[in-house]
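Trainee: Quick one: structure below, then a few questions.
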Amino acid sequence: MKLDAPVTGGPCWTELGTSDLEAARRFYTRLFGWRHETDARQEAGGYTVAHLGDAAVAALAPLYQPSQPVAWNVSFAVSDADAALRAVTEAGGSVLFGPMDVFDVGRFAVAADPGGAVFQLWQAGTFPGAGLFNAPGSLGWVELMTRDPEGAVSFYTRVFGWTVAPSDRYTQWGVGGADFGGMVTMDDKFPPEVPAHWLPYFAVADVDDTAAVVQRHGTVLMVPTSVPDGPRIAVLRDPQGAMFGVYRADYES
């Protein structure tokens, strides 16, 4: 990721909705060395922020409703959440939740693109988003898995004004040309029941070692692989079922 701080239109945060918060805390502490702080306010519902040093890097939270899947979610920074939701609906997407104020820290909403991929919007108050990117244990890339790549390009460029760097292998998203993520077309290799989704990638010092740890406690969905002209990556699943990716932290795109 060429972004090293939250910027309008770019990914600013990622949070896990999980069926077992305590087990998830133990798993990600073992995997990434995170230190966790749970908001003690009853209204926060157990929302837990993970830190590396003093930097907030991600969040973990219990499932707040029965229909909510166990999953990692990606938030994109916006200057006006209400206006961004209007842009979402005008571009053919849908509003799933909000907008709502979260104490004084920001304004939040959940939306889906026309292909069904869910994402979050964050209008910063006192909290702008992650305090660290691209370092081991922190967010370093986000990837859209979709069955409608042309529709996705039309939607996200209209809503966020993203730049698009297409190629035969892989389309990349950017803000002002600073790439932060990419897009994979879901072909017949993906079971039909797997929905379109956003997948966060965390930087790690050693992809193979990380995958080996997950193999003992979770599931390796894609074994460590060196991407041509790209980083070494793996796609993993935690014990509760949430998918995420990892890539070697010293890779420079």
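As shown in the structure tokens, the chain order sets the letters A, B, ...; within each chain, residues go from 1, and ligands are also counted from 1 in the order they appear.
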Give me every strand (DSSP E) residue in range 23-179 of chain A, going by DSSP on the backbone, as a ChimeraX atom specification.
Mentor: /A:35-38,48-52,55-62,71-77,94-102,106-112,118-124,139-146,163-165,171-175,178-179
Trainee: Name the residues in contact with Ala71 in chain A at a cut-off of 10 Å, using only C-alpha atoms, excluding same-chain residues fewer than 5 positions from it; report them as a PyMOL selection string.
Mentor: chain A and resi 15-19+63+197-199+237-238+240-244
Trainee: Would you output that residue set with C-alpha atoms, as a PDB file, in the first residue's frame?
Mentor:
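The resulting file, out_4.pdb, is shown below:
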```
ATOM      1  CA  GLU A  15     -12.558  -4.606  12.105  1.00  0.00           C
ATOM      2  CA  LEU A  16     -13.525  -8.179  12.835  1.00  0.00           C
ATOM      3  CA  GLY A  17     -17.015  -9.274  13.745  1.00  0.00           C
ATOM      4  CA  THR A  18     -16.568 -12.576  15.552  1.00  0.00           C
ATOM      5  CA  SER A  19     -18.628 -15.235  17.315  1.00  0.00           C
ATOM      6  CA  LEU A  63     -21.589 -10.119  16.480  1.00  0.00           C
ATOM      7  CA  HIS A 197     -16.470  -9.395  -0.490  1.00  0.00           C
ATOM      8  CA  TRP A 198     -13.583  -7.183   0.586  1.00  0.00           C
ATOM      9  CA  LEU A 199     -10.522  -8.945   1.981  1.00  0.00           C
ATOM     10  CA  ARG A 237      -9.037 -18.263   7.979  1.00  0.00           C
ATOM     11  CA  ASP A 238      -9.192 -17.849  11.733  1.00  0.00           C
ATOM     12  CA  GLN A 240     -14.156 -18.718  13.985  1.00  0.00           C
ATOM     13  CA  GLY A 241     -14.222 -18.569  10.163  1.00  0.00           C
ATOM     14  CA  ALA A 242     -13.090 -15.045   9.245  1.00  0.00           C
ATOM     15  CA  MET A 243     -10.870 -14.830   6.150  1.00  0.00           C
ATOM     16  CA  PHE A 244      -7.896 -12.490   5.776  1.00  0.00           C
TER      17      PHE A 244
END
```
Trainee: Env of Gly161 in chain A: 10 Å cut, atoms = only C-alpha atoms, seq-sep filter 4 positions within chain, self excluded. Answer as a tab-separated table (two decimals) with C-alpha atoms, in the first residue's frame.
Mentor:
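Contents of result.tsv, freshly written:
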```
chain	number	residue	atom	x	y	z
A	9	GLY	CA	-11.39	7.79	-0.13
A	154	SER	CA	-17.95	1.97	-12.51
A	155	PHE	CA	-19.34	1.97	-8.96
A	156	TYR	CA	-16.19	2.69	-6.94
A	157	THR	CA	-14.79	5.33	-9.26
A	174	GLY	CA	-5.70	4.07	-5.83
A	175	VAL	CA	-6.31	7.53	-4.44
A	176	GLY	CA	-4.66	10.06	-6.70
```
Trainee: Write out as a list in words each polymer residue whose atoms come within 12 Å of Ala91 in chain A, counting only C-alpha atoms; drop sequence neighbours fewer than 4 positions from it.
Mentor: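 Listed by chain and then number, they are Ala84, Leu85, Arg86, Ala87, Val95, Ala111, Ala112, Asp113, Pro114, Gly115, Gly151, Ala152, Val153, Ser154, Phe155, Tyr156, Thr157, Arg158, Val159 and Phe160 of chain A.
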Trainee: Can you tell me, as a PDB file with N, CA and C atoms, in the first residue's frame, which residues in range 153-192 of chain A count as helix (DSSP H, G or I) by DSSP?
Mentor:
```pdb
ATOM      1  N   VAL A 153     -15.726  -1.321 -11.150  1.00  0.00           N
ATOM      2  CA  VAL A 153     -14.953  -0.144 -11.547  1.00  0.00           C
ATOM      3  C   VAL A 153     -15.866   1.067 -11.690  1.00  0.00           C
ATOM      4  N   SER A 154     -17.005   0.870 -12.338  1.00  0.00           N
ATOM      5  CA  SER A 154     -17.953   1.969 -12.515  1.00  0.00           C
ATOM      6  C   SER A 154     -18.447   2.484 -11.170  1.00  0.00           C
ATOM      7  N   PHE A 155     -18.779   1.575 -10.258  1.00  0.00           N
ATOM      8  CA  PHE A 155     -19.336   1.971  -8.959  1.00  0.00           C
ATOM      9  C   PHE A 155     -18.311   2.707  -8.105  1.00  0.00           C
ATOM     10  N   TYR A 156     -17.141   2.121  -7.898  1.00  0.00           N
ATOM     11  CA  TYR A 156     -16.194   2.690  -6.939  1.00  0.00           C
ATOM     12  C   TYR A 156     -15.531   3.970  -7.453  1.00  0.00           C
ATOM     13  N   THR A 157     -15.338   4.070  -8.743  1.00  0.00           N
ATOM     14  CA  THR A 157     -14.791   5.330  -9.257  1.00  0.00           C
ATOM     15  C   THR A 157     -15.812   6.449  -9.113  1.00  0.00           C
ATOM     16  N   ARG A 158     -17.080   6.108  -9.239  1.00  0.00           N
ATOM     17  CA  ARG A 158     -18.131   7.119  -9.091  1.00  0.00           C
ATOM     18  C   ARG A 158     -18.306   7.529  -7.639  1.00  0.00           C
ATOM     19  N   VAL A 159     -18.280   6.564  -6.714  1.00  0.00           N
ATOM     20  CA  VAL A 159     -18.520   6.871  -5.306  1.00  0.00           C
ATOM     21  C   VAL A 159     -17.320   7.536  -4.650  1.00  0.00           C
ATOM     22  N   PHE A 160     -16.113   7.006  -4.893  1.00  0.00           N
ATOM     23  CA  PHE A 160     -14.917   7.479  -4.198  1.00  0.00           C
ATOM     24  C   PHE A 160     -13.939   8.252  -5.076  1.00  0.00           C
TER      25      PHE A 160
END
```
